Every structure is written in C-alpha cells, then in structure tokens.
>>> print(open('structure-v2.pdb').read())   # PDB, C-alpha atoms, pLDDT in the B column
ATOM      1  CA  MET H   1       0.000   0.000   0.000  1.00 88.00           C
ATOM      2  CA  THR H   2       1.395   3.362  -0.973  1.00 93.00           C
ATOM      3  CA  GLN H   3       1.147   6.475   1.173  1.00 96.00           C
ATOM      4  CA  ARG H   4      -1.342   7.862  -1.348  1.00 96.00           C
ATOM      5  CA  ASP H   5      -3.472   4.697  -1.041  1.00 96.00           C
ATOM      6  CA  PHE H   6      -3.407   5.061   2.730  1.00 96.00           C
ATOM      7  CA  GLU H   7      -4.459   8.729   2.603  1.00 97.00           C
ATOM      8  CA  GLU H   8      -7.286   7.917   0.171  1.00 97.00           C
ATOM      9  CA  LEU H   9      -8.439   5.124   2.488  1.00 97.00           C
ATOM     10  CA  ARG H  10      -8.490   7.512   5.454  1.00 97.00           C
ATOM     11  CA  ILE H  11     -10.588   9.954   3.442  1.00 97.00           C
ATOM     12  CA  ARG H  12     -12.942   7.218   2.176  1.00 97.00           C
ATOM     13  CA  PHE H  13     -13.639   6.193   5.777  1.00 97.00           C
ATOM     14  CA  ALA H  14     -13.894   9.828   6.985  1.00 97.00           C
ATOM     15  CA  PHE H  15     -10.889   9.350   9.300  1.00 98.00           C
ATOM     16  CA  SER H  16     -12.958   6.887  11.372  1.00 96.00           C
ATOM     17  CA  CYS H  17     -12.996   3.173  12.067  1.00 97.00           C
ATOM     18  CA  GLY H  18     -15.170   1.446   9.514  1.00 96.00           C
ATOM     19  CA  TYR H  19     -16.469  -0.918  12.177  1.00 96.00           C
ATOM     20  CA  CYS H  20     -16.989   1.064  15.403  1.00 95.00           C
ATOM     21  CA  GLN H  21     -16.861   4.627  13.971  1.00 94.00           C
ATOM     22  CA  ILE H  22     -14.285   5.866  16.496  1.00 95.00           C
ATOM     23  CA  ARG H  23     -12.417   8.816  14.982  1.00 95.00           C
ATOM     24  CA  GLU H  24      -8.667   9.323  14.732  1.00 96.00           C
ATOM     25  CA  GLU H  25      -8.969  12.425  16.901  1.00 93.00           C
ATOM     26  CA  ASP H  26     -10.716  10.377  19.615  1.00 92.00           C
ATOM     27  CA  VAL H  27      -7.979   7.723  19.534  1.00 91.00           C
ATOM     28  CA  GLY H  28      -5.207  10.273  19.228  1.00 94.00           C
ATOM     29  CA  SER H  29      -3.461   8.539  16.329  1.00 95.00           C
ATOM     30  CA  LEU H  30      -3.852   7.086  12.900  1.00 97.00           C
ATOM     31  CA  LEU H  31      -5.869   3.889  12.646  1.00 97.00           C
ATOM     32  CA  THR H  32      -4.901   0.575  11.044  1.00 96.00           C
ATOM     33  CA  VAL H  33      -5.797  -1.175   7.808  1.00 96.00           C
ATOM     34  CA  ASP H  34      -7.791  -4.380   7.869  1.00 95.00           C
ATOM     35  CA  HIS H  35      -8.129  -6.757   4.949  1.00 95.00           C
ATOM     36  CA  PHE H  36     -11.875  -7.452   5.065  1.00 94.00           C
ATOM     37  CA  GLU H  37     -11.292 -10.794   3.353  1.00 92.00           C
ATOM     38  CA  PRO H  38      -8.109 -11.868   5.131  1.00 92.00           C
ATOM     39  CA  GLN H  39      -5.084 -12.301   2.910  1.00 91.00           C
ATOM     40  CA  SER H  40      -4.356 -15.545   4.760  1.00 89.00           C
ATOM     41  CA  ARG H  41      -7.649 -16.807   3.352  1.00 86.00           C
ATOM     42  CA  GLY H  42      -7.172 -15.561  -0.191  1.00 88.00           C
ATOM     43  CA  GLY H  43      -8.273 -11.942   0.186  1.00 88.00           C
ATOM     44  CA  ALA H  44      -6.772  -9.401  -2.181  1.00 91.00           C
ATOM     45  CA  ASP H  45      -4.371  -6.678  -1.139  1.00 91.00           C
ATOM     46  CA  ASP H  46      -6.247  -3.874  -2.882  1.00 92.00           C
ATOM     47  CA  SER H  47      -8.406  -0.877  -2.029  1.00 91.00           C
ATOM     48  CA  GLU H  48     -11.668  -2.798  -2.459  1.00 92.00           C
ATOM     49  CA  ASN H  49     -10.627  -5.155   0.341  1.00 94.00           C
ATOM     50  CA  TRP H  50      -9.210  -2.564   2.750  1.00 96.00           C
ATOM     51  CA  VAL H  51     -11.115  -1.242   5.744  1.00 96.00           C
ATOM     52  CA  TYR H  52      -9.702   1.611   7.792  1.00 97.00           C
ATOM     53  CA  CYS H  53     -10.197   0.569  11.390  1.00 96.00           C
ATOM     54  CA  CYS H  54      -9.020   0.982  14.943  1.00 96.00           C
ATOM     55  CA  PHE H  55      -6.538  -1.399  16.507  1.00 96.00           C
ATOM     56  CA  ALA H  56      -9.182  -2.954  18.787  1.00 96.00           C
ATOM     57  CA  CYS H  57     -11.613  -3.798  15.959  1.00 96.00           C
ATOM     58  CA  ASN H  58      -8.761  -5.093  13.809  1.00 96.00           C
ATOM     59  CA  SER H  59      -7.621  -7.311  16.682  1.00 95.00           C
ATOM     60  CA  PHE H  60     -11.104  -8.624  17.435  1.00 96.00           C
ATOM     61  CA  LYS H  61     -11.722  -9.366  13.764  1.00 94.00           C
ATOM     62  CA  GLY H  62      -8.333 -10.960  13.192  1.00 91.00           C
ATOM     63  CA  ALA H  63      -8.279 -13.391  10.252  1.00 89.00           C
ATOM     64  CA  PHE H  64     -11.972 -14.161  10.713  1.00 88.00           C
ATOM     65  CA  ARG H  65     -13.994 -14.916   7.622  1.00 79.00           C
ATOM     66  CA  GLY H  66     -17.523 -15.973   8.283  1.00 78.00           C
ATOM     67  CA  GLU H  67     -20.212 -17.104   5.901  1.00 81.00           C
ATOM     68  CA  ASN H  68     -23.943 -16.452   5.650  1.00 77.00           C
ATOM     69  CA  ASP H  69     -25.231 -15.402   9.098  1.00 75.00           C
ATOM     70  CA  THR H  70     -21.724 -15.258  10.562  1.00 81.00           C
ATOM     71  CA  ALA H  71     -20.247 -13.040   7.833  1.00 87.00           C
ATOM     72  CA  LEU H  72     -19.213  -9.625   9.072  1.00 93.00           C
ATOM     73  CA  LEU H  73     -20.804  -6.544   7.556  1.00 93.00           C
ATOM     74  CA  HIS H  74     -18.671  -4.571   5.136  1.00 93.00           C
ATOM     75  CA  PRO H  75     -18.937  -0.932   6.214  1.00 94.00           C
ATOM     76  CA  LEU H  76     -18.986   0.510   2.687  1.00 93.00           C
ATOM     77  CA  ARG H  77     -20.764  -2.217   0.720  1.00 92.00           C
ATOM     78  CA  GLU H  78     -23.639  -2.936   3.070  1.00 92.00           C
ATOM     79  CA  ASP H  79     -26.228  -0.925   4.936  1.00 93.00           C
ATOM     80  CA  VAL H  80     -25.012  -1.662   8.441  1.00 93.00           C
ATOM     81  CA  ARG H  81     -27.984   0.278   9.889  1.00 93.00           C
ATOM     82  CA  SER H  82     -30.376  -2.343   8.560  1.00 94.00           C
ATOM     83  CA  HIS H  83     -28.585  -4.885  10.788  1.00 96.00           C
ATOM     84  CA  LEU H  84     -27.848  -2.756  13.879  1.00 96.00           C
ATOM     85  CA  ARG H  85     -29.823  -0.243  15.916  1.00 96.00           C
ATOM     86  CA  GLU H  86     -28.430   2.171  18.491  1.00 96.00           C
ATOM     87  CA  GLU H  87     -30.333   2.956  21.667  1.00 95.00           C
ATOM     88  CA  ASN H  88     -28.796   5.282  24.240  1.00 94.00           C
ATOM     89  CA  GLY H  89     -25.305   4.490  22.955  1.00 95.00           C
ATOM     90  CA  VAL H  90     -25.777   0.706  23.015  1.00 97.00           C
ATOM     91  CA  LEU H  91     -25.954  -1.223  19.746  1.00 97.00           C
ATOM     92  CA  HIS H  92     -28.505  -3.989  19.247  1.00 97.00           C
ATOM     93  CA  GLY H  93     -28.414  -6.584  16.484  1.00 96.00           C
ATOM     94  CA  LEU H  94     -31.542  -6.619  14.333  1.00 96.00           C
ATOM     95  CA  THR H  95     -30.474  -9.627  12.281  1.00 94.00           C
ATOM     96  CA  ALA H  96     -28.381 -12.735  12.866  1.00 92.00           C
ATOM     97  CA  ARG H  97     -25.534 -11.119  10.924  1.00 93.00           C
ATOM     98  CA  GLY H  98     -25.924  -7.910  12.871  1.00 94.00           C
ATOM     99  CA  ARG H  99     -25.781  -9.760  16.187  1.00 95.00           C
ATOM    100  CA  HIS H 100     -22.722 -11.720  15.091  1.00 93.00           C
ATOM    101  CA  HIS H 101     -21.002  -8.579  13.764  1.00 94.00           C
ATOM    102  CA  LEU H 102     -21.716  -6.826  17.057  1.00 95.00           C
ATOM    103  CA  GLU H 103     -20.407  -9.692  19.171  1.00 95.00           C
ATOM    104  CA  ARG H 104     -17.356 -10.507  17.051  1.00 95.00           C
ATOM    105  CA  LEU H 105     -16.109  -6.920  17.066  1.00 96.00           C
ATOM    106  CA  HIS H 106     -17.196  -6.209  20.678  1.00 97.00           C
ATOM    107  CA  LEU H 107     -18.949  -3.060  19.495  1.00 97.00           C
ATOM    108  CA  ASN H 108     -20.538  -2.469  22.900  1.00 97.00           C
ATOM    109  CA  ARG H 109     -17.260  -2.269  24.755  1.00 96.00           C
ATOM    110  CA  ARG H 110     -17.507   0.264  27.565  1.00 96.00           C
ATOM    111  CA  PRO H 111     -15.420   3.083  25.989  1.00 94.00           C
ATOM    112  CA  LEU H 112     -17.440   2.923  22.744  1.00 95.00           C
ATOM    113  CA  VAL H 113     -20.770   3.098  24.562  1.00 96.00           C
ATOM    114  CA  ALA H 114     -19.446   6.049  26.598  1.00 95.00           C
ATOM    115  CA  GLN H 115     -18.233   7.769  23.417  1.00 93.00           C
ATOM    116  CA  ARG H 116     -21.615   7.264  21.696  1.00 94.00           C
ATOM    117  CA  ARG H 117     -23.453   8.608  24.739  1.00 96.00           C
ATOM    118  CA  GLU H 118     -21.148  11.619  24.856  1.00 94.00           C
ATOM    119  CA  LYS H 119     -21.830  12.260  21.175  1.00 92.00           C
ATOM    120  CA  ILE H 120     -25.597  12.094  21.839  1.00 94.00           C
ATOM    121  CA  ALA H 121     -25.216  14.533  24.759  1.00 95.00           C
ATOM    122  CA  ILE H 122     -23.125  16.939  22.665  1.00 95.00           C
ATOM    123  CA  GLU H 123     -25.669  16.857  19.833  1.00 95.00           C
ATOM    124  CA  GLU H 124     -28.475  17.589  22.309  1.00 94.00           C
ATOM    125  CA  LEU H 125     -26.502  20.493  23.799  1.00 96.00           C
ATOM    126  CA  GLN H 126     -25.809  21.850  20.305  1.00 97.00           C
ATOM    127  CA  ASN H 127     -29.534  21.633  19.485  1.00 96.00           C
ATOM    128  CA  ARG H 128     -30.452  23.386  22.743  1.00 96.00           C
ATOM    129  CA  LEU H 129     -27.838  26.065  22.079  1.00 97.00           C
ATOM    130  CA  GLN H 130     -29.175  26.607  18.559  1.00 97.00           C
ATOM    131  CA  ARG H 131     -32.743  26.970  19.892  1.00 97.00           C
ATOM    132  CA  ALA H 132     -31.507  29.426  22.561  1.00 97.00           C
ATOM    133  CA  ILE H 133     -29.693  31.475  19.910  1.00 96.00           C
ATOM    134  CA  GLU H 134     -32.841  31.569  17.779  1.00 96.00           C
ATOM    135  CA  ARG H 135     -34.932  32.711  20.778  1.00 97.00           C
ATOM    136  CA  TYR H 136     -32.312  35.338  21.639  1.00 97.00           C
ATOM    137  CA  GLU H 137     -32.256  36.659  18.075  1.00 96.00           C
ATOM    138  CA  ALA H 138     -36.073  36.773  17.995  1.00 95.00           C
ATOM    139  CA  ALA H 139     -36.091  38.682  21.298  1.00 96.00           C
ATOM    140  CA  GLU H 140     -33.475  41.119  19.958  1.00 96.00           C
ATOM    141  CA  GLU H 141     -35.662  41.683  16.893  1.00 95.00           C
ATOM    142  CA  ARG H 142     -38.727  42.361  19.066  1.00 96.00           C
ATOM    143  CA  ILE H 143     -36.706  44.829  21.174  1.00 95.00           C
ATOM    144  CA  ARG H 144     -35.407  46.573  18.033  1.00 94.00           C
ATOM    145  CA  ARG H 145     -38.970  46.946  16.692  1.00 94.00           C
ATOM    146  CA  ALA H 146     -40.244  48.173  20.070  1.00 93.00           C
ATOM    147  CA  GLU H 147     -37.439  50.752  20.218  1.00 92.00           C
ATOM    148  CA  GLU H 148     -38.270  51.911  16.670  1.00 91.00           C
ATOM    149  CA  GLU H 149     -41.945  52.260  17.639  1.00 90.00           C
ATOM    150  CA  ALA H 150     -40.972  54.169  20.788  1.00 90.00           C
ATOM    151  CA  ASP H 151     -38.768  56.508  18.710  1.00 88.00           C
ATOM    152  CA  LYS H 152     -41.658  57.133  16.276  1.00 86.00           C
ATOM    153  CA  SER H 153     -44.014  57.849  19.172  1.00 86.00           C
ATOM    154  CA  ASN H 154     -41.547  60.255  20.789  1.00 86.00           C
ATOM    155  CA  ARG H 155     -41.073  62.150  17.499  1.00 84.00           C
ATOM    156  CA  SER H 156     -44.799  62.639  17.058  1.00 73.00           C
TER     157      SER H 156
END
>>> encode(input="structure-v2.pdb", output="structure tokens")
Amino acid sequence: MTQRDFEELRIRFAFSCGYCQIREEDVGSLLTVDHFEPQSRGGADDSENWVYCCFACNSFKGAFRGENDTALLHPLREDVRSHLREENGVLHGLTARGRHHLERLHLNRRPLVAQRREKIAIEELQNRLQRAIERYEAAEERIRRAEEEADKSNRS
C-alpha cells in the first residue's frame, strides 16, 4: 500500500474506524488497515478489500472470515444500519448477521458506549444552544422593533 493509497483510504472512511466509527482524533493517532477478506484466506491486497479501522476492531476481527449469518458486515458495501440499531449508545443486532457482527467486534465495549453517549449529549446540547440562539435573536428583533416604535411615538 502506498502512502497515497493510505491517505485515500483515510478519506474514504472519513478518518474513522469502519467498524466502530471511532475517529482518529478520539484515539489520538492514525488507525490501522484491515483486509476485510483476510489475505491468509485468499483476500486481495487492494483498495476494495481494505477497511480503515481501529486497533481494537482489527484485533477482534483478526483473520476471521464468516459465511452467511456469521459473515461480518462490510462498512462501505452494506447498509449496516439495517442490521444494527443504536439505543442510548448501546448497539442492538436486528439480524443474525448484525448480532454476530456486534459480538465478534465487541462493538458495545464500555469506551465505545461512553463515546456514543457523549456524542448524543453533545448533539443535544448543540440543538439546545441553537434553539436558545434563535430565541435570543427573535427577542433582539422584538426589542429593536419596540425601540423603533418608541422613537416614532416620541417624534410625534
């Protein structure tokens, strides 16, 4: 893999683990490259077979290659959300493959659940802040109009 291939892979996966979604900035370093179909089992060493992932997910996956209900979900080729559902930071398998994917990669490990919950809390705070800003701006507009009306009344 060339440096350019590596950089393109990072971009393709939005600088996040393809399996657990943890970001480089959360880990504090670059992530690793997983061969989705392990090379030891005949998988190609090319961009279609590479998954940018964190060390933990890469370790849990190892040289695993399941079939049918035990096959892992490819983060770019499959709609992972149709197999997994998140509730309060905890992932739940909706299908046999989703449950296996979840268990094999330990996607409910404590730090990941905490990170997902923190993300939910931050999004809620951002939404509350945005609503507060909108209310503040509306109040400022009402004050401006009231001041204009008062100025008109005082001039008359």
>>> resolve_selection(input="structure-v2.pdb", expression="the PyMOL selection byres ((chain H and resi 109) around 12)", output="ChimeraX atom specification")
/H:20,22,56-57,60,89-91,102-108,110-116
>>> atom_distance(input="structure-v2.pdb", atom1="atom CA of Glu7 of chain H", atom2="atom CA of Ser29 of chain H")
13.8 Å
>>> axis_aligned_box(input="structure-v2.pdb", around="segment 14-17 of chain H", padding_each_side="8 Å", output="JSON")
{"center_x": -12.4, "center_y": 6.5, "center_z": 9.5, "size_x": 19.0, "size_y": 22.7, "size_z": 21.1}
>>> atom_distance(input="structure-v2.pdb", atom1="atom CA of Phe6 of chain H", atom2="atom CA of His83 of chain H")
28.2 Å
>>> residues_around(input="structure-v2.pdb", residues="Trp50 of chain H", least_positions_apart="6", cutoff="8 Å", atoms="only C-alpha atoms", output="JSON, numbers by chain")
{"H": [9, 33, 34, 35, 36]}
>>> atom_distance(input="structure-v2.pdb", atom1="atom CA of Cys54 of chain H", atom2="atom CA of Phe13 of chain H")
11.5 Å
>>> closest_residue(input="structure-v2.pdb", among="H:Ala138, H:Leu30, H:Ala63, H:Ala132", to="Gly42 of chain H", atoms="all atoms listed in the file")
H:Ala63
>>> build_atoms(input="structure-v2.pdb", residues="segment 138-149 of chain H", atoms="all heavy atoms", output="PDB file, keeping the file's coordinate frame")
ATOM      1  N   ALA H 138     -34.677  36.337  18.125  1.00 95.00           N
ATOM      2  CA  ALA H 138     -36.073  36.773  17.995  1.00 95.00           C
ATOM      3  C   ALA H 138     -36.386  37.853  19.028  1.00 95.00           C
ATOM      4  O   ALA H 138     -37.067  38.851  18.722  1.00 95.00           O
ATOM      5  CB  ALA H 138     -37.016  35.580  18.150  1.00 95.00           C
ATOM      6  N   ALA H 139     -35.872  37.677  20.250  1.00 96.00           N
ATOM      7  CA  ALA H 139     -36.091  38.682  21.298  1.00 96.00           C
ATOM      8  C   ALA H 139     -35.408  39.991  20.927  1.00 96.00           C
ATOM      9  O   ALA H 139     -35.978  41.076  21.114  1.00 96.00           O
ATOM     10  CB  ALA H 139     -35.578  38.170  22.641  1.00 96.00           C
ATOM     11  N   GLU H 140     -34.180  39.908  20.404  1.00 96.00           N
ATOM     12  CA  GLU H 140     -33.475  41.119  19.958  1.00 96.00           C
ATOM     13  C   GLU H 140     -34.270  41.848  18.886  1.00 96.00           C
ATOM     14  O   GLU H 140     -34.361  43.079  18.899  1.00 96.00           O
ATOM     15  CB  GLU H 140     -32.093  40.753  19.400  1.00 96.00           C
ATOM     16  CG  GLU H 140     -31.013  40.653  20.426  1.00 96.00           C
ATOM     17  CD  GLU H 140     -29.634  40.534  19.768  1.00 96.00           C
ATOM     18  OE1 GLU H 140     -29.514  39.907  18.692  1.00 96.00           O
ATOM     19  OE2 GLU H 140     -28.687  41.089  20.344  1.00 96.00           O
ATOM     20  N   GLU H 141     -34.862  41.083  17.965  1.00 95.00           N
ATOM     21  CA  GLU H 141     -35.662  41.683  16.893  1.00 95.00           C
ATOM     22  C   GLU H 141     -36.902  42.367  17.472  1.00 95.00           C
ATOM     23  O   GLU H 141     -37.254  43.483  17.055  1.00 95.00           O
ATOM     24  CB  GLU H 141     -36.062  40.616  15.871  1.00 95.00           C
ATOM     25  CG  GLU H 141     -36.860  41.138  14.700  1.00 95.00           C
ATOM     26  CD  GLU H 141     -36.139  42.176  13.854  1.00 95.00           C
ATOM     27  OE1 GLU H 141     -34.894  42.240  13.859  1.00 95.00           O
ATOM     28  OE2 GLU H 141     -36.848  42.946  13.167  1.00 95.00           O
ATOM     29  N   ARG H 142     -37.551  41.744  18.436  1.00 96.00           N
ATOM     30  CA  ARG H 142     -38.727  42.361  19.066  1.00 96.00           C
ATOM     31  C   ARG H 142     -38.329  43.653  19.789  1.00 96.00           C
ATOM     32  O   ARG H 142     -39.038  44.656  19.723  1.00 96.00           O
ATOM     33  CB  ARG H 142     -39.389  41.382  20.034  1.00 96.00           C
ATOM     34  CG  ARG H 142     -40.151  40.265  19.340  1.00 96.00           C
ATOM     35  CD  ARG H 142     -41.051  39.477  20.293  1.00 96.00           C
ATOM     36  NE  ARG H 142     -40.324  38.840  21.390  1.00 96.00           N
ATOM     37  CZ  ARG H 142     -39.733  37.649  21.315  1.00 96.00           C
ATOM     38  NH1 ARG H 142     -39.769  36.965  20.190  1.00 96.00           N
ATOM     39  NH2 ARG H 142     -39.109  37.144  22.369  1.00 96.00           N
ATOM     40  N   ILE H 143     -37.194  43.630  20.473  1.00 95.00           N
ATOM     41  CA  ILE H 143     -36.706  44.829  21.174  1.00 95.00           C
ATOM     42  C   ILE H 143     -36.406  45.931  20.171  1.00 95.00           C
ATOM     43  O   ILE H 143     -36.765  47.101  20.377  1.00 95.00           O
ATOM     44  CB  ILE H 143     -35.472  44.498  22.033  1.00 95.00           C
ATOM     45  CG1 ILE H 143     -35.878  43.613  23.210  1.00 95.00           C
ATOM     46  CG2 ILE H 143     -34.751  45.769  22.497  1.00 95.00           C
ATOM     47  CD1 ILE H 143     -34.712  43.002  23.967  1.00 95.00           C
ATOM     48  N   ARG H 144     -35.736  45.569  19.066  1.00 94.00           N
ATOM     49  CA  ARG H 144     -35.407  46.573  18.033  1.00 94.00           C
ATOM     50  C   ARG H 144     -36.677  47.222  17.495  1.00 94.00           C
ATOM     51  O   ARG H 144     -36.765  48.436  17.378  1.00 94.00           O
ATOM     52  CB  ARG H 144     -34.623  45.930  16.898  1.00 94.00           C
ATOM     53  CG  ARG H 144     -34.123  46.940  15.853  1.00 94.00           C
ATOM     54  CD  ARG H 144     -33.508  46.250  14.642  1.00 94.00           C
ATOM     55  NE  ARG H 144     -34.439  45.404  13.914  1.00 94.00           N
ATOM     56  CZ  ARG H 144     -35.412  45.861  13.100  1.00 94.00           C
ATOM     57  NH1 ARG H 144     -35.608  47.149  12.947  1.00 94.00           N
ATOM     58  NH2 ARG H 144     -36.208  45.010  12.469  1.00 94.00           N
ATOM     59  N   ARG H 145     -37.703  46.406  17.205  1.00 94.00           N
ATOM     60  CA  ARG H 145     -38.970  46.946  16.692  1.00 94.00           C
ATOM     61  C   ARG H 145     -39.652  47.828  17.734  1.00 94.00           C
ATOM     62  O   ARG H 145     -40.192  48.883  17.410  1.00 94.00           O
ATOM     63  CB  ARG H 145     -39.893  45.808  16.280  1.00 94.00           C
ATOM     64  CG  ARG H 145     -39.501  45.153  14.994  1.00 94.00           C
ATOM     65  CD  ARG H 145     -40.582  44.205  14.515  1.00 94.00           C
ATOM     66  NE  ARG H 145     -39.979  43.107  13.801  1.00 94.00           N
ATOM     67  CZ  ARG H 145     -40.359  41.854  13.870  1.00 94.00           C
ATOM     68  NH1 ARG H 145     -41.376  41.496  14.627  1.00 94.00           N
ATOM     69  NH2 ARG H 145     -39.754  40.924  13.170  1.00 94.00           N
ATOM     70  N   ALA H 146     -39.615  47.383  19.002  1.00 93.00           N
ATOM     71  CA  ALA H 146     -40.244  48.173  20.070  1.00 93.00           C
ATOM     72  C   ALA H 146     -39.531  49.513  20.219  1.00 93.00           C
ATOM     73  O   ALA H 146     -40.184  50.555  20.413  1.00 93.00           O
ATOM     74  CB  ALA H 146     -40.222  47.388  21.376  1.00 93.00           C
ATOM     75  N   GLU H 147     -38.194  49.499  20.120  1.00 92.00           N
ATOM     76  CA  GLU H 147     -37.439  50.752  20.218  1.00 92.00           C
ATOM     77  C   GLU H 147     -37.766  51.674  19.050  1.00 92.00           C
ATOM     78  O   GLU H 147     -37.899  52.894  19.219  1.00 92.00           O
ATOM     79  CB  GLU H 147     -35.941  50.464  20.285  1.00 92.00           C
ATOM     80  CG  GLU H 147     -35.500  49.888  21.613  1.00 92.00           C
ATOM     81  CD  GLU H 147     -34.042  49.438  21.626  1.00 92.00           C
ATOM     82  OE1 GLU H 147     -33.443  49.259  20.534  1.00 92.00           O
ATOM     83  OE2 GLU H 147     -33.499  49.259  22.740  1.00 92.00           O
ATOM     84  N   GLU H 148     -37.897  51.106  17.843  1.00 91.00           N
ATOM     85  CA  GLU H 148     -38.270  51.911  16.670  1.00 91.00           C
ATOM     86  C   GLU H 148     -39.640  52.535  16.876  1.00 91.00           C
ATOM     87  O   GLU H 148     -39.871  53.712  16.562  1.00 91.00           O
ATOM     88  CB  GLU H 148     -38.257  51.066  15.403  1.00 91.00           C
ATOM     89  CG  GLU H 148     -36.874  50.710  14.899  1.00 91.00           C
ATOM     90  CD  GLU H 148     -36.898  49.786  13.682  1.00 91.00           C
ATOM     91  OE1 GLU H 148     -37.983  49.361  13.242  1.00 91.00           O
ATOM     92  OE2 GLU H 148     -35.789  49.462  13.191  1.00 91.00           O
ATOM     93  N   GLU H 149     -40.594  51.754  17.381  1.00 90.00           N
ATOM     94  CA  GLU H 149     -41.945  52.260  17.639  1.00 90.00           C
ATOM     95  C   GLU H 149     -41.904  53.365  18.688  1.00 90.00           C
ATOM     96  O   GLU H 149     -42.601  54.373  18.572  1.00 90.00           O
ATOM     97  CB  GLU H 149     -42.863  51.122  18.080  1.00 90.00           C
ATOM     98  CG  GLU H 149     -43.235  50.158  16.995  1.00 90.00           C
ATOM     99  CD  GLU H 149     -43.993  50.794  15.854  1.00 90.00           C
ATOM    100  OE1 GLU H 149     -44.863  51.651  16.113  1.00 90.00           O
ATOM    101  OE2 GLU H 149     -43.705  50.438  14.689  1.00 90.00           O
TER     102      GLU H 149
END
